[in-house]
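Shown next, in structure tokens, is the structure this report addresses.
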Amino acid sequence: MSQPTAQGSREAAKAALRKQAIETPSWAYGNSGTRFKVFAQPGVPRTPEEKLDDAARVHAHTGVAPTVALHIPWDRVDDYAALAAHARERGLRLGAVNANVFQEDDYRLGSVCHPDPRVRRKALDHLLECVDIMDATGSRDLKLWFSDGTNYPGQDDIRDRQDRLAQALSAVYDRLGDDQRLLLEYKLFEPAFYTTDVPDWGTAYAHCLRLGEKATVCVDTGHHAPGTNIEFIVAFLLREGRLGAFDFNSRFYADDDLMVGAADPFQLFRIMYEVVRGGGLSQGVAFMLDQCHNIEPKIPAIIRSVLNVQEATAKALLVDRAALGAAQREGDVLGANAVLMDAFSTDVRPLLAELREELGLDPDPVAAYARSGWAEKIVTERVG
């Protein structure tokens with residue numbers, strides 16, 4: 001049996017974990033809900049600046065959440081350079097800019113794939129506006145998710161919609177700066193139920209190939225059919241150099257947007273092993289959360305989610321790669337599986353606590369936040 005917790009492996013794992021960064025989403029700090037009800041919580045942010053203040057608390061206690069993703073228009077402000085300065089003052093940077101072309105009446109039949117050229121132009125203008133915002137904030141990534149699709153056979157021409165999509169993506173791609181990227185996200189279904197215009201990783205990958213090297217795929221872990229082998233998708237895209245980012249969350253049934261690792265921590269471990277195996281920790285892959293905390297307290301839930309990604313990564317780093325490779329070459333099916341299971345079964349919480357202490361942090365971020373008084377402070381101050 002392999003020894004995944006040998007001292008050399010521990011130190012190498014800690015060295016890699018020191019460099020890991022997990023991006024938190026601005027929208028996760030605000031009120032959210034289901035299609036039935038939004039459950040308001042006291043103390044939630046009222047402005048983008050207050051969202052950054054909360055994100056700074058997550059980073060202060062975990063040490064690995066230095067960037068915050070924006071969502072436009074939810075985070076629209078008059079001065080984006082000032083917003084970026086607000087983030088820097090709190091030890092943060094602004095991360096991916098997420099476009100929103102799904103919440104207006106004009107988009108009932110789609111946005112960039114809409115049959116009406118006026119609506120397509122409106123959607124494209126918003127995407128280009130988001131690139132302008134990236135210029136002001138210093139953000140690297142533009143993340144695009146389209147709710148575009150159809151509900152009924154014959155509703156629109158499937159091939160024409162792909163042409164419209166490709167045309168819009170090309171216009172956005174041409175607007176990107178040299179150090180900026182396009183992340184194309186996909187989703188199997190919802191809100192469209194017959195066809196979705198970017199339903200899977202293959203469709204996203206094909207469009208990215210046509211666009212060029214600055215276009216990469218974003219894998220949302222909740223956007224697949226039940227039983228999909230997500231780690232295979234991750235391995236393939238890493239091999240092709242086209243995995244740009246993750247949107248981490250957890251699901252039981254569909255796009256549940258639950259805390260990452262909550263439903264299937266073994267799946268998260270398998271995904272992170274492929275990331276480690278494929279060099280994803282050093283290839284610029286963005287590790288982002290995309291979650292809705294509808295009934296649980298926002299900041300503790302985000303801290304817990306960051307820790308879940310850390311723990312899965314630590315276990316993946318402790319896989320005895322030499323023993324695994326030897327078992328695979330020998331055709332030792334059970335032996336190879338046992339190497340992975342050894343690492344997954346390792347309790348990495350002491351290792352991570354040790355790492356945090358070395359970084360000058362409390363070894364228990366959740367408890368440290370509870371003692372900080374921040375939750376009580378924002379409930380008192382954020383009224384109205």
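Within each chain, counting starts at residue 1; across the structure tokens, chains are named A, B, ... in the order shown, with ligands numbered 1 upward in that order.
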
Identify all residues of stretch 9-227 of chain A in strand (DSSP E) (DSSP on the backbone) and supply them as a ChimeraX atom specification. /A:22-25,67-72,93-99,141-144,149-150,181-185,195-196,215-220

Neighbour list for A:Arg251 as a PyMOL selection string, cut-off 9 Å, only C-alpha atoms, skip fewer than 2 positions in-chain: chain A and resi 221-223+249+253-264

For A:Pro191: contacts at 12 Å, only C-alpha atoms, fewer than 3 positions along chain excluded, given as a PDB file with N, CA, C and O atoms, in the first residue's frame:
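Wrote part13.pdb, looks like this:
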```pdb
ATOM      1  N   ARG A  35     -36.778  29.619  -7.532  1.00  0.00           N
ATOM      2  CA  ARG A  35     -37.838  30.226  -8.339  1.00  0.00           C
ATOM      3  C   ARG A  35     -39.087  30.501  -7.514  1.00  0.00           C
ATOM      4  O   ARG A  35     -39.993  31.190  -7.959  1.00  0.00           O
ATOM      5  N   PHE A 102     -29.670  37.512 -19.998  1.00  0.00           N
ATOM      6  CA  PHE A 102     -30.773  36.580 -19.801  1.00  0.00           C
ATOM      7  C   PHE A 102     -31.867  37.123 -18.896  1.00  0.00           C
ATOM      8  O   PHE A 102     -32.812  36.404 -18.587  1.00  0.00           O
ATOM      9  N   GLN A 103     -31.783  38.373 -18.474  1.00  0.00           N
ATOM     10  CA  GLN A 103     -32.750  38.869 -17.504  1.00  0.00           C
ATOM     11  C   GLN A 103     -33.575  40.047 -18.003  1.00  0.00           C
ATOM     12  O   GLN A 103     -34.096  40.804 -17.211  1.00  0.00           O
ATOM     13  N   TYR A 107     -34.869  39.244 -24.231  1.00  0.00           N
ATOM     14  CA  TYR A 107     -34.152  37.982 -24.381  1.00  0.00           C
ATOM     15  C   TYR A 107     -35.051  36.751 -24.216  1.00  0.00           C
ATOM     16  O   TYR A 107     -34.559  35.642 -23.990  1.00  0.00           O
ATOM     17  N   ARG A 108     -36.329  36.951 -24.358  1.00  0.00           N
ATOM     18  CA  ARG A 108     -37.278  35.835 -24.208  1.00  0.00           C
ATOM     19  C   ARG A 108     -36.969  34.714 -25.201  1.00  0.00           C
ATOM     20  O   ARG A 108     -37.098  33.522 -24.869  1.00  0.00           O
ATOM     21  N   LEU A 109     -36.560  35.044 -26.412  1.00  0.00           N
ATOM     22  CA  LEU A 109     -36.236  34.040 -27.433  1.00  0.00           C
ATOM     23  C   LEU A 109     -34.739  33.896 -27.661  1.00  0.00           C
ATOM     24  O   LEU A 109     -34.310  33.283 -28.636  1.00  0.00           O
ATOM     25  N   GLY A 110     -33.959  34.446 -26.727  1.00  0.00           N
ATOM     26  CA  GLY A 110     -32.519  34.334 -26.840  1.00  0.00           C
ATOM     27  C   GLY A 110     -31.854  35.694 -26.844  1.00  0.00           C
ATOM     28  O   GLY A 110     -32.513  36.736 -26.853  1.00  0.00           O
ATOM     29  N   PHE A 146     -24.771  31.576 -21.884  1.00  0.00           N
ATOM     30  CA  PHE A 146     -25.965  31.980 -22.614  1.00  0.00           C
ATOM     31  C   PHE A 146     -27.127  31.062 -22.258  1.00  0.00           C
ATOM     32  O   PHE A 146     -27.001  29.838 -22.321  1.00  0.00           O
ATOM     33  N   SER A 147     -28.240  31.670 -21.905  1.00  0.00           N
ATOM     34  CA  SER A 147     -29.450  30.890 -21.659  1.00  0.00           C
ATOM     35  C   SER A 147     -30.171  30.576 -22.960  1.00  0.00           C
ATOM     36  O   SER A 147     -31.227  29.945 -22.952  1.00  0.00           O
ATOM     37  N   ASP A 148     -29.603  30.993 -24.067  1.00  0.00           N
ATOM     38  CA  ASP A 148     -30.236  30.860 -25.380  1.00  0.00           C
ATOM     39  C   ASP A 148     -30.569  29.408 -25.705  1.00  0.00           C
ATOM     40  O   ASP A 148     -29.766  28.506 -25.459  1.00  0.00           O
ATOM     41  N   GLY A 149     -31.735  29.225 -26.296  1.00  0.00           N
ATOM     42  CA  GLY A 149     -32.167  27.906 -26.728  1.00  0.00           C
ATOM     43  C   GLY A 149     -33.613  27.951 -27.148  1.00  0.00           C
ATOM     44  O   GLY A 149     -34.203  29.031 -27.303  1.00  0.00           O
ATOM     45  N   THR A 150     -34.188  26.780 -27.350  1.00  0.00           N
ATOM     46  CA  THR A 150     -35.592  26.703 -27.761  1.00  0.00           C
ATOM     47  C   THR A 150     -36.321  25.681 -26.894  1.00  0.00           C
ATOM     48  O   THR A 150     -35.704  24.782 -26.319  1.00  0.00           O
ATOM     49  N   ASN A 151     -37.625  25.826 -26.854  1.00  0.00           N
ATOM     50  CA  ASN A 151     -38.463  24.906 -26.079  1.00  0.00           C
ATOM     51  C   ASN A 151     -39.207  23.893 -26.936  1.00  0.00           C
ATOM     52  O   ASN A 151     -39.656  22.870 -26.412  1.00  0.00           O
ATOM     53  N   LYS A 187     -24.148  24.585 -20.594  1.00  0.00           N
ATOM     54  CA  LYS A 187     -25.141  24.052 -19.662  1.00  0.00           C
ATOM     55  C   LYS A 187     -26.107  23.171 -20.431  1.00  0.00           C
ATOM     56  O   LYS A 187     -26.628  23.569 -21.471  1.00  0.00           O
ATOM     57  N   LEU A 188     -26.360  21.996 -19.900  1.00  0.00           N
ATOM     58  CA  LEU A 188     -27.152  20.997 -20.617  1.00  0.00           C
ATOM     59  C   LEU A 188     -28.562  21.486 -20.940  1.00  0.00           C
ATOM     60  O   LEU A 188     -29.053  21.313 -22.058  1.00  0.00           O
ATOM     61  N   TYR A 194     -35.712  22.224 -25.016  1.00  0.00           N
ATOM     62  CA  TYR A 194     -35.600  21.376 -26.206  1.00  0.00           C
ATOM     63  C   TYR A 194     -34.172  21.416 -26.749  1.00  0.00           C
ATOM     64  O   TYR A 194     -33.509  20.385 -26.856  1.00  0.00           O
ATOM     65  N   THR A 195     -33.688  22.604 -27.073  1.00  0.00           N
ATOM     66  CA  THR A 195     -32.278  22.762 -27.441  1.00  0.00           C
ATOM     67  C   THR A 195     -31.684  23.904 -26.623  1.00  0.00           C
ATOM     68  O   THR A 195     -32.336  24.910 -26.365  1.00  0.00           O
ATOM     69  N   THR A 196     -30.445  23.735 -26.211  1.00  0.00           N
ATOM     70  CA  THR A 196     -29.661  24.817 -25.642  1.00  0.00           C
ATOM     71  C   THR A 196     -28.516  25.082 -26.611  1.00  0.00           C
ATOM     72  O   THR A 196     -27.907  24.143 -27.123  1.00  0.00           O
ATOM     73  N   ASP A 197     -28.236  26.343 -26.885  1.00  0.00           N
ATOM     74  CA  ASP A 197     -27.289  26.660 -27.951  1.00  0.00           C
ATOM     75  C   ASP A 197     -25.841  26.345 -27.591  1.00  0.00           C
ATOM     76  O   ASP A 197     -25.013  26.105 -28.475  1.00  0.00           O
ATOM     77  N   PRO A 199     -24.837  23.575 -25.151  1.00  0.00           N
ATOM     78  CA  PRO A 199     -25.321  22.604 -24.174  1.00  0.00           C
ATOM     79  C   PRO A 199     -24.240  21.771 -23.496  1.00  0.00           C
ATOM     80  O   PRO A 199     -24.495  21.173 -22.452  1.00  0.00           O
ATOM     81  N   ALA A 254     -29.903  18.620 -10.680  1.00  0.00           N
ATOM     82  CA  ALA A 254     -29.657  19.406 -11.883  1.00  0.00           C
ATOM     83  C   ALA A 254     -28.657  20.497 -11.526  1.00  0.00           C
ATOM     84  O   ALA A 254     -27.639  20.217 -10.901  1.00  0.00           O
ATOM     85  N   ASP A 255     -28.946  21.729 -11.881  1.00  0.00           N
ATOM     86  CA  ASP A 255     -28.032  22.819 -11.573  1.00  0.00           C
ATOM     87  C   ASP A 255     -28.391  23.363 -10.197  1.00  0.00           C
ATOM     88  O   ASP A 255     -28.942  24.452 -10.058  1.00  0.00           O
TER      89      ASP A 255
END
```

Find the residues of stretch 60-151 of chain A that sit at most 8 Å from stretch 157-164 of chain A; for each, write down the nearest two atoms and how far apart they are in Å, to one decimal. Count only C-alpha atoms. Sort by chain, then by number going up, and give it as a tab-separated table.
```
residue	atom	partner	partner_atom	distance
A:Val112	CA	A:Arg164	CA	6.4
A:Cys113	CA	A:Arg161	CA	5.0
A:His114	CA	A:Arg161	CA	7.4
A:Pro115	CA	A:Arg161	CA	7.8
```

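A straight line drawn from atom CA of A:Ala87 to atom CA of A:Leu17 is 23.2 Å long.
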
Contacts of stretch 43-51 of chain A at 12 Å (only C-alpha atoms; same-chain gap of 5+ positions) as JSON, numbers by chain: {"A": [24, 25, 26, 27, 28, 29, 30, 31, 32, 56, 57, 58, 67, 68, 69, 70, 71, 72, 73, 74, 75, 76, 77, 78, 79, 80, 82, 83, 84, 85, 86, 87, 88, 89, 90, 92, 94, 293, 294, 297, 298, 299, 374, 375, 376, 377, 378, 379, 380, 381, 382, 383, 384]}

If we count only C-alpha atoms, what is near A:Phe287 at a cut-off of 8 Å, once residues fewer than 5 positions away on the same chain are taken out, given as a ChimeraX atom specification? /A:21-23,245-248

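Residue nearest A:Cys292, chosen from A:Ser250, A:Asp332, A:Gly227, A:Tyr173 and counting only C-alpha atoms: A:Ser250.
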
By how many Å are atom CA of A:Asn229 and atom CA of A:Arg270 apart? 9.7 Å

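Minimum distance to A:Val172 across A:Arg121, A:Arg371, A:Arg356, A:Arg242 (counting only C-alpha atoms) occurs at A:Arg121.
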
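Non-sequential neighbours of A:Leu128 (distance at most 12 Å, separation of 5 or more positions within a chain, only C-alpha atoms) are Ile72, Val97, Asn98, Ala99, Asn100, Val101, Arg121, Lys122, Ala123, Ile133, Met134, Asp135, Leu142, Leu144, Ala168, Leu169, Ser170, Ala171, Val172, Tyr173, Asp174, Arg175, Leu176, Gly177 and Leu182 of chain A.
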
Take the selection from the previous step and output its residues with N, CA and C atoms, as a short mmCIF file (atom, residue, chain, number, x, y, z; two decimals), in the first residue's frame.
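Result file is again.cif:
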```
data_model
loop_
_atom_site.label_atom_id
_atom_site.label_comp_id
_atom_site.auth_asym_id
_atom_site.auth_seq_id
_atom_site.Cartn_x
_atom_site.Cartn_y
_atom_site.Cartn_z
N ILE A 72 -22.23 41.65 -14.33
CA ILE A 72 -22.80 42.89 -14.85
C ILE A 72 -24.13 42.57 -15.51
N VAL A 97 -15.16 38.90 -15.25
CA VAL A 97 -16.37 39.70 -15.46
C VAL A 97 -17.38 38.81 -16.16
N ASN A 98 -18.53 38.63 -15.51
CA ASN A 98 -19.60 37.78 -16.05
C ASN A 98 -20.65 38.64 -16.70
N ALA A 99 -20.97 38.34 -17.95
CA ALA A 99 -22.00 39.08 -18.67
C ALA A 99 -23.38 38.49 -18.36
N ASN A 100 -24.40 39.32 -18.45
CA ASN A 100 -25.77 38.88 -18.20
C ASN A 100 -26.63 39.28 -19.39
N VAL A 101 -27.01 38.30 -20.20
CA VAL A 101 -27.92 38.54 -21.32
C VAL A 101 -29.10 37.57 -21.23
N ARG A 121 -27.94 42.59 -31.58
CA ARG A 121 -27.06 43.75 -31.45
C ARG A 121 -27.02 44.26 -30.02
N LYS A 122 -28.19 44.30 -29.38
CA LYS A 122 -28.26 44.73 -27.99
C LYS A 122 -27.41 43.82 -27.10
N ALA A 123 -27.53 42.51 -27.30
CA ALA A 123 -26.76 41.56 -26.50
C ALA A 123 -25.27 41.71 -26.75
N ILE A 133 -15.29 47.14 -19.27
CA ILE A 133 -15.17 47.06 -17.81
C ILE A 133 -13.91 46.32 -17.42
N MET A 134 -13.58 45.25 -18.13
CA MET A 134 -12.34 44.52 -17.87
C MET A 134 -11.13 45.43 -18.03
N ASP A 135 -11.17 46.28 -19.04
CA ASP A 135 -10.06 47.21 -19.24
C ASP A 135 -9.88 48.11 -18.02
N LEU A 142 -13.25 37.19 -19.37
CA LEU A 142 -14.65 37.48 -19.66
C LEU A 142 -15.37 36.14 -19.70
N LEU A 144 -18.69 33.97 -20.34
CA LEU A 144 -19.95 34.05 -21.07
C LEU A 144 -20.75 32.77 -20.86
N ALA A 168 -21.28 36.41 -33.02
CA ALA A 168 -21.15 37.24 -31.81
C ALA A 168 -19.85 36.94 -31.07
N LEU A 169 -19.53 35.66 -30.91
CA LEU A 169 -18.31 35.30 -30.21
C LEU A 169 -17.08 35.85 -30.93
N SER A 170 -17.10 35.83 -32.24
CA SER A 170 -15.98 36.34 -33.02
C SER A 170 -15.80 37.84 -32.79
N ALA A 171 -16.91 38.58 -32.74
CA ALA A 171 -16.83 40.02 -32.51
C ALA A 171 -16.26 40.33 -31.12
N VAL A 172 -16.68 39.55 -30.13
CA VAL A 172 -16.16 39.75 -28.78
C VAL A 172 -14.69 39.37 -28.71
N TYR A 173 -14.34 38.27 -29.32
CA TYR A 173 -12.95 37.79 -29.30
C TYR A 173 -12.01 38.84 -29.91
N ASP A 174 -12.45 39.43 -31.00
CA ASP A 174 -11.60 40.43 -31.67
C ASP A 174 -11.41 41.67 -30.81
N ARG A 175 -12.32 41.92 -29.88
CA ARG A 175 -12.22 43.09 -29.00
C ARG A 175 -11.29 42.85 -27.82
N LEU A 176 -10.96 41.61 -27.49
CA LEU A 176 -10.15 41.31 -26.32
C LEU A 176 -8.74 41.86 -26.46
N GLY A 177 -8.17 42.28 -25.31
CA GLY A 177 -6.78 42.69 -25.30
C GLY A 177 -5.85 41.50 -25.30
N LEU A 182 -11.38 34.78 -23.15
CA LEU A 182 -12.81 34.50 -23.19
C LEU A 182 -13.03 33.11 -22.62
#
```
